[in-house]
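So this one's model-v6.cif, mmCIF, C-alpha atoms:
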data_start
#
loop_
_atom_site.label_atom_id
_atom_site.label_comp_id
_atom_site.auth_asym_id
_atom_site.auth_seq_id
_atom_site.Cartn_x
_atom_site.Cartn_y
_atom_site.Cartn_z
CA MET N 1 5.31 -5.23 -11.48
CA GLY N 2 3.38 -8.49 -11.78
CA LEU N 3 5.28 -10.29 -8.99
CA LEU N 4 2.24 -10.59 -6.75
CA GLY N 5 -0.34 -10.41 -9.50
CA ASP N 6 -0.39 -14.19 -9.77
CA PRO N 7 -2.65 -15.66 -7.05
CA THR N 8 -0.46 -18.70 -6.42
CA ARG N 9 2.64 -16.57 -6.13
CA ARG N 10 0.78 -14.32 -3.71
CA ALA N 11 -0.23 -17.37 -1.66
CA ILE N 12 3.40 -18.49 -1.47
CA PHE N 13 4.48 -14.99 -0.46
CA GLU N 14 1.84 -14.99 2.28
CA LEU N 15 2.84 -18.41 3.58
CA LEU N 16 6.49 -17.35 3.75
CA ALA N 17 5.48 -14.21 5.63
CA ARG N 18 4.05 -16.49 8.31
CA ARG N 19 6.93 -18.95 8.42
CA PRO N 20 10.14 -19.69 6.52
CA SER N 21 9.53 -22.97 4.68
CA THR N 22 10.92 -25.57 2.30
CA VAL N 23 9.49 -26.29 -1.12
CA GLY N 24 7.87 -29.46 0.27
CA GLU N 25 6.21 -27.61 3.15
CA LEU N 26 4.80 -25.04 0.75
CA ALA N 27 3.56 -27.70 -1.67
CA GLN N 28 1.67 -29.44 1.15
CA GLN N 29 -0.36 -26.30 1.76
CA LEU N 30 -1.10 -25.54 -1.88
CA PRO N 31 -2.93 -27.39 -4.63
CA ILE N 32 0.15 -27.43 -6.86
CA THR N 33 3.19 -29.65 -7.39
CA ARG N 34 6.60 -29.14 -5.84
CA SER N 35 8.00 -28.27 -9.22
CA ALA N 36 5.36 -25.59 -9.70
CA VAL N 37 6.20 -24.20 -6.24
CA SER N 38 9.88 -24.12 -7.23
CA GLN N 39 9.10 -22.19 -10.38
CA HIS N 40 7.14 -19.55 -8.48
CA LEU N 41 9.90 -19.32 -5.87
CA ARG N 42 12.42 -18.67 -8.61
CA VAL N 43 10.34 -15.72 -9.88
CA LEU N 44 9.99 -14.35 -6.34
CA LYS N 45 13.75 -14.73 -5.78
CA ASP N 46 14.59 -13.03 -9.06
CA GLY N 47 12.24 -10.23 -8.08
CA GLY N 48 14.05 -9.77 -4.75
CA LEU N 49 11.07 -10.68 -2.57
CA VAL N 50 12.38 -13.99 -1.32
CA VAL N 51 15.79 -15.35 -0.26
CA SER N 52 16.91 -18.89 0.53
CA ARG N 53 19.65 -20.65 2.44
CA ALA N 54 20.78 -24.24 2.78
CA GLU N 55 20.31 -25.94 6.16
CA GLY N 56 21.85 -29.40 5.95
CA THR N 57 20.08 -31.09 3.09
CA ARG N 58 17.14 -28.71 3.23
CA ARG N 59 16.75 -25.36 1.52
CA ILE N 60 14.72 -22.86 3.52
CA TYR N 61 12.92 -20.00 1.80
CA ARG N 62 11.84 -16.82 3.52
CA LEU N 63 10.95 -13.22 2.69
CA ASN N 64 13.91 -11.02 1.92
CA PRO N 65 14.63 -9.32 5.26
CA ASP N 66 16.02 -6.32 3.44
CA GLY N 67 12.40 -5.88 2.54
CA VAL N 68 12.73 -2.86 0.32
CA THR N 69 11.37 -4.61 -2.72
CA ALA N 70 8.61 -6.29 -0.77
CA LEU N 71 7.51 -2.94 0.63
CA ARG N 72 7.58 -1.34 -2.80
CA VAL N 73 5.61 -4.13 -4.41
CA TYR N 74 3.08 -4.08 -1.63
CA LEU N 75 2.59 -0.31 -1.64
CA ASP N 76 2.48 -0.29 -5.40
CA ARG N 77 -0.47 -2.64 -5.25
CA ILE N 78 -2.22 -0.49 -2.63
CA TRP N 79 -1.87 2.62 -4.80
CA GLU N 80 -3.07 0.83 -7.88
CA GLU N 81 -6.20 -0.29 -6.06
CA ALA N 82 -6.72 3.07 -4.36
CA LEU N 83 -6.41 5.06 -7.59
CA THR N 84 -8.84 2.73 -9.33
CA ALA N 85 -11.31 3.23 -6.48
CA PHE N 86 -10.76 7.00 -6.61
CA GLY N 87 -11.42 6.95 -10.36
CA LYS N 88 -14.74 5.21 -9.82
CA ALA N 89 -15.74 7.70 -7.11
CA ALA N 90 -14.82 10.64 -9.34
CA GLN N 91 -16.79 9.21 -12.28
CA ALA N 92 -19.76 8.70 -9.97
CA ALA N 93 -19.50 12.33 -8.85
CA ARG N 94 -19.75 13.32 -12.52
CA VAL N 95 -23.16 11.72 -13.08
CA ASP N 96 -24.59 12.90 -9.77
CA PRO N 97 -25.28 16.66 -9.94
CA GLU N 98 -26.35 16.62 -6.26
CA GLN N 99 -22.71 16.10 -5.41
CA GLU N 100 -21.99 19.66 -6.54
CA ASP N 101 -23.59 21.16 -3.46
CA ALA N 102 -22.56 18.45 -1.02
CA MET S 1 25.10 -1.61 7.56
CA SER S 2 23.57 1.02 5.40
CA ILE S 3 20.23 1.08 3.73
CA THR S 4 20.17 4.81 3.25
CA ASN S 5 20.27 4.53 -0.53
CA THR S 6 17.40 6.19 -2.25
CA ILE S 7 14.57 3.85 -3.17
CA PRO S 8 12.87 4.74 -6.45
CA PRO S 9 9.49 6.37 -5.85
CA LEU S 10 6.24 4.66 -6.68
CA THR S 11 4.04 6.39 -9.21
CA GLY S 12 0.48 6.06 -10.37
CA THR S 13 -1.70 7.98 -12.82
CA ILE S 14 -5.39 8.03 -13.53
CA THR S 15 -7.53 10.22 -15.77
CA VAL S 16 -11.09 11.02 -14.74
CA ASP S 17 -13.91 12.77 -16.61
CA VAL S 18 -14.55 15.53 -14.09
CA PRO S 19 -13.28 19.12 -13.70
CA VAL S 20 -10.08 19.54 -11.74
CA GLU S 21 -11.86 21.17 -8.79
CA ARG S 22 -14.16 18.20 -8.40
CA ALA S 23 -11.37 15.67 -8.78
CA PHE S 24 -9.47 17.41 -5.99
CA ARG S 25 -12.56 17.50 -3.83
CA VAL S 26 -13.40 13.84 -4.29
CA PHE S 27 -9.80 12.93 -3.50
CA THR S 28 -9.69 15.00 -0.30
CA ASP S 29 -13.13 15.83 1.16
CA ALA S 30 -14.53 12.47 0.17
CA PHE S 31 -11.32 10.54 0.87
CA GLY S 32 -13.09 8.07 3.14
CA SER S 33 -15.72 7.31 0.49
CA TRP S 34 -13.31 5.67 -1.92
CA TRP S 35 -10.24 4.56 0.07
CA PRO S 36 -10.31 0.72 0.11
CA ALA S 37 -11.52 -0.06 3.64
CA GLU S 38 -9.33 -3.17 3.82
CA TYR S 39 -6.26 -0.96 4.03
CA HIS S 40 -6.30 0.32 7.57
CA ILE S 41 -4.07 -0.07 10.61
CA GLY S 42 -6.38 0.09 13.62
CA GLN S 43 -7.45 -2.95 15.60
CA ALA S 44 -11.09 -2.09 15.05
CA ASP S 45 -12.75 -2.13 11.64
CA MET S 46 -12.48 1.22 9.93
CA ALA S 47 -15.52 3.49 10.13
CA ALA S 48 -14.03 6.52 8.39
CA ALA S 49 -10.80 7.78 6.83
CA ILE S 50 -10.22 11.51 7.12
CA LEU S 51 -7.86 13.94 5.41
CA GLU S 52 -8.05 17.35 7.12
CA PRO S 53 -8.24 20.09 4.46
CA ARG S 54 -5.29 22.29 5.43
CA ALA S 55 -1.52 22.30 5.67
CA GLY S 56 -0.63 20.73 9.00
CA GLY S 57 -3.90 18.81 9.06
CA ARG S 58 -4.14 15.22 10.22
CA TRP S 59 -4.63 12.21 7.98
CA TYR S 60 -6.14 9.42 10.02
CA GLU S 61 -8.70 6.67 10.38
CA GLN S 62 -11.54 6.28 12.86
CA GLY S 63 -12.48 2.81 14.03
CA VAL S 64 -16.03 1.61 14.55
CA ASP S 65 -15.24 1.70 18.29
CA GLY S 66 -14.32 5.40 18.12
CA SER S 67 -10.56 4.83 18.27
CA GLU S 68 -8.31 6.90 16.00
CA CYS S 69 -5.07 5.98 14.25
CA ASP S 70 -2.88 8.52 12.49
CA TRP S 71 -1.49 7.79 9.04
CA GLY S 72 0.39 11.03 8.43
CA ARG S 73 0.14 14.80 8.09
CA VAL S 74 -0.85 17.21 5.34
CA LEU S 75 2.33 19.03 4.27
CA THR S 76 1.03 21.01 1.29
CA TRP S 77 -2.56 22.05 0.62
CA GLU S 78 -2.93 23.79 -2.75
CA PRO S 79 -6.44 23.15 -4.08
CA PRO S 80 -7.22 22.21 -6.74
CA HIS S 81 -3.80 21.32 -8.13
CA ARG S 82 -1.48 19.89 -5.54
CA LEU S 83 -1.50 17.94 -2.31
CA VAL S 84 1.42 16.54 -0.31
CA VAL S 85 0.88 14.29 2.68
CA THR S 86 3.22 12.14 4.73
CA TRP S 87 2.79 8.37 4.93
CA GLN S 88 4.14 7.25 8.30
CA ILE S 89 2.90 3.68 8.26
CA ASN S 90 5.86 1.35 8.55
CA GLY S 91 6.44 -2.29 7.68
CA GLN S 92 4.74 -3.40 10.88
CA TRP S 93 1.62 -1.63 9.68
CA LYS S 94 1.96 0.85 12.54
CA TYR S 95 2.14 4.63 12.65
CA ASP S 96 5.68 5.89 13.21
CA PRO S 97 5.44 9.37 14.80
CA ASN S 98 9.07 10.24 14.04
CA PRO S 99 8.96 12.80 11.18
CA GLU S 100 12.41 11.65 10.06
CA HIS S 101 10.88 8.30 9.13
CA ALA S 102 8.05 9.87 7.14
CA SER S 103 7.69 9.01 3.48
CA GLU S 104 5.78 11.48 1.30
CA ILE S 105 2.94 11.25 -1.16
CA GLU S 106 2.54 14.04 -3.68
CA VAL S 107 -0.66 14.19 -5.72
CA ARG S 108 -0.95 16.54 -8.69
CA PHE S 109 -4.21 17.37 -10.43
CA THR S 110 -3.93 18.67 -13.99
CA ALA S 111 -6.89 19.85 -16.06
CA ASP S 112 -6.74 18.23 -19.50
CA GLY S 113 -9.90 20.13 -20.41
CA PRO S 114 -12.99 21.56 -18.69
CA ASP S 115 -14.26 18.07 -17.86
CA GLN S 116 -11.16 15.94 -17.69
CA THR S 117 -8.44 15.74 -15.08
CA THR S 118 -5.27 13.71 -14.84
CA VAL S 119 -4.25 12.75 -11.33
CA GLU S 120 -0.61 11.82 -10.80
CA LEU S 121 0.51 10.26 -7.56
CA LYS S 122 4.09 9.87 -6.41
CA HIS S 123 5.03 8.04 -3.20
CA ARG S 124 8.62 9.06 -2.46
CA ARG S 125 11.28 9.06 0.25
CA LEU S 126 10.50 5.41 0.89
CA GLU S 127 14.03 4.95 2.25
CA ARG S 128 12.93 6.91 5.31
CA LEU S 129 10.43 4.21 6.19
CA VAL S 130 13.13 1.60 5.82
CA ASP S 131 15.62 3.60 7.87
CA GLY S 132 13.11 3.35 10.68
CA GLN S 133 14.20 -0.30 10.87
CA ALA S 134 10.69 -1.34 11.76
CA LEU S 135 10.26 -2.68 8.27
CA ARG S 136 13.14 -5.07 8.76
CA ASP S 137 11.98 -6.09 12.22
CA GLY S 138 8.47 -6.56 10.94
CA ILE S 139 9.50 -8.96 8.24
CA THR S 140 11.92 -11.01 10.28
CA GLY S 141 9.64 -11.05 13.31
CA GLY S 142 6.67 -12.16 11.29
CA GLY S 143 3.94 -10.52 13.34
CA GLY S 144 3.60 -7.27 11.50
CA TRP S 145 3.75 -8.76 8.07
CA THR S 146 1.40 -11.52 9.02
CA SER S 147 -1.32 -9.12 10.01
CA LEU S 148 -0.56 -6.91 7.05
CA LEU S 149 -0.75 -9.82 4.67
CA GLU S 150 -3.96 -11.03 6.21
CA LEU S 151 -5.48 -7.66 5.38
CA PHE S 152 -3.99 -7.99 1.97
CA ALA S 153 -5.33 -11.50 1.50
CA LYS S 154 -8.76 -10.33 2.63
CA ALA S 155 -8.67 -7.55 0.09
CA ALA S 156 -7.68 -9.93 -2.65
CA THR S 157 -10.47 -12.34 -1.72
CA ASN S 158 -13.06 -9.60 -1.63
CA GLN S 159 -11.98 -8.59 -5.08
CA ALA S 160 -12.33 -12.05 -6.54
#
Could I get this structure in the form of C-alpha coordinates?
Amino acid sequence: MGLLGDPTRRAIFELLARRPSTVGELAQQLPITRSAVSQHLRVLKDGGLVVSRAEGTRRIYRLNPDGVTALRVYLDRIWEEALTAFGKAAQAARVDPEQEDA
Amino acid sequence: MSITNTIPPLTGTITVDVPVERAFRVFTDAFGSWWPAEYHIGQADMAAAILEPRAGGRWYEQGVDGSECDWGRVLTWEPPHRLVVTWQINGQWKYDPNPEHASEIEVRFTADGPDQTTVELKHRRLERLVDGQALRDGITGGGGWTSLLELFAKAATNQA
(Lines of atoms letter the chains of each structure in order from A and count residues from 1; the text may use other names and numbers.)
(Lines give C-alpha, C1' and ligand atoms only; values in the text may rest on other atoms or scores of the structure.)
Protein backbone atom coordinates (compact mmCIF):
# COMPACT_ATOMS: atom_id res chain seq x y z
CA MET A 1 0.00 0.00 0.00
CA GLY A 2 2.72 2.45 -0.99
CA LEU A 3 0.37 4.95 -2.68
CA LEU A 4 1.07 7.71 -0.17
CA GLY A 5 4.47 6.47 0.88
CA ASP A 6 6.13 8.66 -1.72
CA PRO A 7 6.46 12.24 -0.40
CA THR A 8 5.77 13.89 -3.75
CA ARG A 9 2.70 11.76 -4.31
CA ARG A 10 1.52 12.67 -0.82
CA ALA A 11 2.05 16.36 -1.60
CA ILE A 12 -0.05 16.03 -4.76
CA PHE A 13 -2.76 14.21 -2.82
CA GLU A 14 -2.76 17.00 -0.23
CA LEU A 15 -2.94 19.75 -2.85
CA LEU A 16 -5.88 18.03 -4.54
CA ALA A 17 -7.63 17.72 -1.18
CA ARG A 18 -7.51 21.50 -0.97
CA ARG A 19 -8.55 22.20 -4.55
CA PRO A 20 -9.18 20.29 -7.77
CA SER A 21 -6.34 21.23 -10.13
CA THR A 22 -4.75 20.73 -13.52
CA VAL A 23 -1.32 19.22 -14.05
CA GLY A 24 0.08 22.70 -14.69
CA GLU A 25 -1.37 24.13 -11.48
CA LEU A 26 0.12 21.27 -9.48
CA ALA A 27 3.51 21.61 -11.17
CA GLN A 28 3.63 25.31 -10.24
CA GLN A 29 3.39 24.43 -6.57
CA LEU A 30 5.91 21.61 -6.62
CA PRO A 31 9.60 21.40 -7.44
CA ILE A 32 9.01 18.86 -10.21
CA THR A 33 8.17 18.90 -13.91
CA ARG A 34 4.72 18.58 -15.41
CA SER A 35 5.61 15.19 -16.76
CA ALA A 36 6.65 14.01 -13.30
CA VAL A 37 3.34 15.33 -11.92
CA SER A 38 1.49 13.39 -14.63
CA GLN A 39 3.30 10.20 -13.72
CA HIS A 40 2.36 10.52 -10.06
CA LEU A 41 -1.24 11.34 -10.99
CA ARG A 42 -1.40 8.18 -13.06
CA VAL A 43 -0.34 6.10 -10.03
CA LEU A 44 -2.90 7.86 -7.82
CA LYS A 45 -5.61 7.29 -10.45
CA ASP A 46 -4.72 3.63 -10.83
CA GLY A 47 -4.87 3.32 -7.06
CA GLY A 48 -8.38 4.82 -6.99
CA LEU A 49 -7.44 7.89 -4.96
CA VAL A 50 -7.84 10.43 -7.73
CA VAL A 51 -10.27 10.94 -10.63
CA SER A 52 -10.15 13.36 -13.55
CA ARG A 53 -12.53 14.94 -16.03
CA ALA A 54 -12.11 17.07 -19.13
CA GLU A 55 -13.31 20.68 -18.98
CA GLY A 56 -12.87 22.21 -22.42
CA THR A 57 -9.22 21.81 -23.21
CA ARG A 58 -8.27 21.36 -19.57
CA ARG A 59 -8.20 18.17 -17.54
CA ILE A 60 -9.09 18.67 -13.89
CA TYR A 61 -7.89 16.24 -11.24
CA ARG A 62 -9.50 15.81 -7.85
CA LEU A 63 -9.76 13.25 -5.06
CA ASN A 64 -12.08 10.37 -5.80
CA PRO A 65 -15.35 11.45 -4.14
CA ASP A 66 -16.26 7.83 -3.58
CA GLY A 67 -13.44 8.07 -1.10
CA VAL A 68 -13.41 4.50 0.06
CA THR A 69 -9.88 3.87 -1.09
CA ALA A 70 -8.65 7.20 0.20
CA LEU A 71 -10.10 6.45 3.63
CA ARG A 72 -8.57 2.99 3.65
CA VAL A 73 -5.15 4.23 2.62
CA TYR A 74 -5.27 6.98 5.17
CA LEU A 75 -6.39 4.77 8.06
CA ASP A 76 -3.91 2.12 7.04
CA ARG A 77 -1.15 4.65 7.49
CA ILE A 78 -2.49 5.72 10.89
CA TRP A 79 -2.52 2.12 12.13
CA GLU A 80 0.93 1.44 10.82
CA GLU A 81 2.28 4.45 12.70
CA ALA A 82 0.24 3.72 15.83
CA LEU A 83 1.34 0.07 16.02
CA THR A 84 4.97 1.07 15.57
CA ALA A 85 4.59 3.58 18.41
CA PHE A 86 2.86 0.95 20.55
CA GLY A 87 5.72 -1.47 19.87
CA LYS A 88 8.25 1.07 21.09
CA ALA A 89 6.22 1.76 24.24
CA ALA A 90 5.91 -1.97 24.96
CA GLN A 91 9.65 -2.52 24.46
CA ALA A 92 10.35 0.40 26.79
CA ALA A 93 8.06 -1.17 29.40
CA ARG A 94 10.19 -4.32 29.17
CA VAL A 95 13.43 -2.61 30.22
CA ASP A 96 11.81 -0.54 32.95
CA PRO A 97 10.93 -2.80 35.92
CA GLU A 98 9.30 0.17 37.69
CA GLN A 99 6.54 -0.06 35.14
CA GLU A 100 5.41 -3.33 36.73
CA ASP A 101 3.93 -1.57 39.73
CA ALA A 102 2.72 1.53 37.91
CA MET B 1 -26.74 4.88 -5.31
CA SER B 2 -25.36 2.19 -3.12
CA ILE B 3 -22.09 2.04 -1.32
CA THR B 4 -23.18 -0.62 1.10
CA ASN B 5 -20.71 -3.16 -0.26
CA THR B 6 -18.34 -4.50 2.30
CA ILE B 7 -14.98 -2.77 2.35
CA PRO B 8 -12.08 -5.11 3.13
CA PRO B 9 -10.84 -4.62 6.70
CA LEU B 10 -7.49 -3.09 7.49
CA THR B 11 -5.08 -5.27 9.40
CA GLY B 12 -1.84 -4.74 11.24
CA THR B 13 0.44 -6.99 13.29
CA ILE B 14 3.33 -6.33 15.61
CA THR B 15 5.34 -8.61 17.87
CA VAL B 16 6.74 -7.23 21.12
CA ASP B 17 9.14 -8.75 23.66
CA VAL B 18 6.90 -8.49 26.70
CA PRO B 19 4.42 -10.87 28.39
CA VAL B 20 0.88 -10.77 27.09
CA GLU B 21 -0.45 -9.12 30.26
CA ARG B 22 1.97 -6.25 29.91
CA ALA B 23 1.32 -5.83 26.20
CA PHE B 24 -2.39 -5.55 26.92
CA ARG B 25 -1.76 -3.08 29.70
CA VAL B 26 0.50 -0.85 27.66
CA PHE B 27 -2.05 -0.88 24.84
CA THR B 28 -4.97 0.07 27.11
CA ASP B 29 -3.94 1.68 30.42
CA ALA B 30 -1.08 3.54 28.80
CA PHE B 31 -2.92 4.22 25.53
CA GLY B 32 -2.25 7.95 25.72
CA SER B 33 1.49 7.39 26.20
CA TRP B 34 2.06 5.93 22.75
CA TRP B 35 -0.83 7.05 20.51
CA PRO B 36 0.67 9.51 17.97
CA ALA B 37 -0.49 12.89 19.29
CA GLU B 38 -0.87 14.26 15.76
CA TYR B 39 -3.89 12.05 15.25
CA HIS B 40 -6.62 13.77 17.18
CA ILE B 41 -9.90 15.45 16.31
CA GLY B 42 -10.35 18.23 18.86
CA GLN B 43 -9.75 21.89 18.10
CA ALA B 44 -7.31 22.12 20.97
CA ASP B 45 -4.00 20.26 21.07
CA MET B 46 -4.38 16.86 22.65
CA ALA B 47 -3.35 16.56 26.30
CA ALA B 48 -4.39 12.94 26.83
CA ALA B 49 -6.03 10.01 25.05
CA ILE B 50 -8.03 7.69 27.28
CA LEU B 51 -9.43 4.20 26.83
CA GLU B 52 -11.71 3.33 29.77
CA PRO B 53 -10.94 -0.21 30.97
CA ARG B 54 -14.36 -1.85 30.76
CA ALA B 55 -17.03 -2.90 28.29
CA GLY B 56 -19.16 0.16 27.61
CA GLY B 57 -16.28 2.46 28.53
CA ARG B 58 -15.48 5.61 26.60
CA TRP B 59 -12.57 6.07 24.23
CA TYR B 60 -11.79 9.75 23.96
CA GLU B 61 -9.27 12.55 23.93
CA GLN B 62 -8.82 15.47 26.30
CA GLY B 63 -7.61 18.77 24.93
CA VAL B 64 -5.12 21.03 26.66
CA ASP B 65 -8.08 23.38 27.29
CA GLY B 66 -10.00 20.65 29.13
CA SER B 67 -12.38 19.90 26.25
CA GLU B 68 -13.21 16.27 25.47
CA CYS B 69 -13.89 14.57 22.14
CA ASP B 70 -15.20 11.02 21.88
CA TRP B 71 -13.63 8.58 19.43
CA GLY B 72 -15.74 5.51 20.18
CA ARG B 73 -16.80 2.99 22.80
CA VAL B 74 -15.31 -0.15 24.29
CA LEU B 75 -17.43 -3.08 23.08
CA THR B 76 -15.42 -6.01 24.42
CA TRP B 77 -13.01 -5.99 27.35
CA GLU B 78 -11.27 -9.35 27.79
CA PRO B 79 -7.84 -8.76 29.33
CA PRO B 80 -5.25 -9.81 28.44
CA HIS B 81 -6.29 -11.34 25.12
CA ARG B 82 -8.95 -9.35 23.34
CA LEU B 83 -10.25 -5.83 22.99
CA VAL B 84 -12.94 -4.47 20.66
CA VAL B 85 -13.63 -0.76 20.37
CA THR B 86 -15.67 1.28 17.93
CA TRP B 87 -14.07 3.93 15.73
CA GLN B 88 -16.69 6.58 15.06
CA ILE B 89 -14.47 9.19 13.45
CA ASN B 90 -15.73 9.91 9.97
CA GLY B 91 -14.16 11.39 6.85
CA GLN B 92 -14.65 14.90 8.19
CA TRP B 93 -12.48 13.94 11.14
CA LYS B 94 -15.50 14.31 13.42
CA TYR B 95 -17.14 11.96 15.90
CA ASP B 96 -20.34 10.43 14.53
CA PRO B 97 -22.54 9.45 17.52
CA ASN B 98 -24.80 7.20 15.44
CA PRO B 99 -23.87 3.60 16.41
CA GLU B 100 -25.01 2.43 12.97
CA HIS B 101 -22.11 4.35 11.46
CA ALA B 102 -19.56 2.86 13.85
CA SER B 103 -16.64 0.92 12.43
CA GLU B 104 -14.93 -1.56 14.76
CA ILE B 105 -11.38 -2.25 15.80
CA GLU B 106 -10.56 -5.66 17.22
CA VAL B 107 -7.18 -6.17 18.88
CA ARG B 108 -6.00 -9.66 19.79
CA PHE B 109 -3.03 -10.37 22.05
CA THR B 110 -1.44 -13.80 21.69
CA ALA B 111 1.40 -15.06 23.88
CA ASP B 112 4.12 -16.53 21.67
CA GLY B 113 6.08 -17.35 24.83
CA PRO B 114 6.49 -16.03 28.38
CA ASP B 115 8.14 -12.85 27.13
CA GLN B 116 6.79 -12.39 23.64
CA THR B 117 3.39 -11.29 22.43
CA THR B 118 1.91 -10.86 18.99
CA VAL B 119 -0.65 -8.10 18.68
CA GLU B 120 -3.06 -8.30 15.75
CA LEU B 121 -5.28 -5.39 14.89
CA LYS B 122 -8.24 -5.48 12.54
CA HIS B 123 -10.22 -2.36 11.61
CA ARG B 124 -13.47 -3.63 10.10
CA ARG B 125 -16.98 -2.56 9.11
CA LEU B 126 -15.46 0.44 7.34
CA GLU B 127 -18.51 0.56 5.05
CA ARG B 128 -20.49 1.85 8.02
CA LEU B 129 -18.35 4.97 8.13
CA VAL B 130 -18.91 5.48 4.44
CA ASP B 131 -22.64 4.87 4.71
CA GLY B 132 -22.68 7.84 7.06
CA GLN B 133 -22.13 9.91 3.90
CA ALA B 134 -19.96 12.32 5.82
CA LEU B 135 -16.93 10.82 4.19
CA ARG B 136 -18.23 11.74 0.76
CA ASP B 137 -19.29 15.21 1.88
CA GLY B 138 -15.96 15.73 3.54
CA ILE B 139 -13.99 14.98 0.44
CA THR B 140 -16.12 16.94 -1.99
CA GLY B 141 -16.53 19.85 0.41
CA GLY B 142 -12.83 20.07 1.07
CA GLY B 143 -12.96 21.37 4.63
CA GLY B 144 -12.81 18.13 6.52
CA TRP B 145 -10.13 16.59 4.40
CA THR B 146 -8.12 19.75 4.39
CA SER B 147 -7.87 19.82 8.14
CA LEU B 148 -7.33 16.09 8.26
CA LEU B 149 -4.56 16.28 5.72
CA GLU B 150 -2.95 19.17 7.52
CA LEU B 151 -2.70 16.95 10.57
CA PHE B 152 -1.37 14.26 8.35
CA ALA B 153 1.17 16.56 6.74
CA LYS B 154 2.27 17.73 10.17
CA ALA B 155 2.77 14.15 11.26
CA ALA B 156 4.78 13.39 8.17
CA THR B 157 6.96 16.45 8.69
CA ASN B 158 7.58 15.63 12.32
CA GLN B 159 8.68 12.20 11.26
CA ALA B 160 11.18 13.45 8.72
For segment 35-51 of chain S, find every residue with an atom within 9 Å (counting all atoms listed in the file), except residues of its own chain fewer than 6 positions away, and show them as a ChimeraX atom specification. /N:78,81-83,85-86 /S:28-29,57-71,73-74,89,93-95,148,151-152,154-155
Could you work out an axis-aligned bounding box for all listed atoms of segment 54-63 of chain N, with 5 Å added on each of the six sides, and give its centre and edge lengths in Å to one decimal, as JSON?
{"center_x": 16.4, "center_y": -22.2, "center_z": 3.8, "size_x": 20.9, "size_y": 27.9, "size_z": 14.6}
Chain N residues near chain S (9 Å cut-off, all atoms listed in the file) as a ChimeraX atom specification: /N:7,10-11,13-15,17-19,62-68,71-72,74-76,78-91,93-94,100
Using Å and a single decimal, report how far atom CA of Asp96 of chain S sits from atom CA of Phe109 of chain S.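 For atom CA of Phe109 of chain S relative to atom CA of Asp96 of chain S, the distance reads 28.1 Å.
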Atom CA of Leu30 of chain N and atom CA of Arg77 of chain N are how many Å apart? 23.2 Å
For a quick check of your reading of the model, name the residues lying within 10 Å of the coordinate (8.3, -22.9, -6.2), counting all atoms listed in the file, and write them as an MDAnalysis selection string. chainID N and resid 8:9 12 22:24 26:27 32:45 61
Among S:Arg54, S:Arg125, S:His101, S:Arg108, Thr76 of chain S is approached most closely, using all atoms listed in the file, by S:Arg54
Would you work out the distance separating atom CA of Arg128 of chain S from atom CA of Ile105 of chain S, expressed in Å to one decimal?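 Separation of atom CA of Arg128 of chain S and atom CA of Ile105 of chain S: 12.7 Å.
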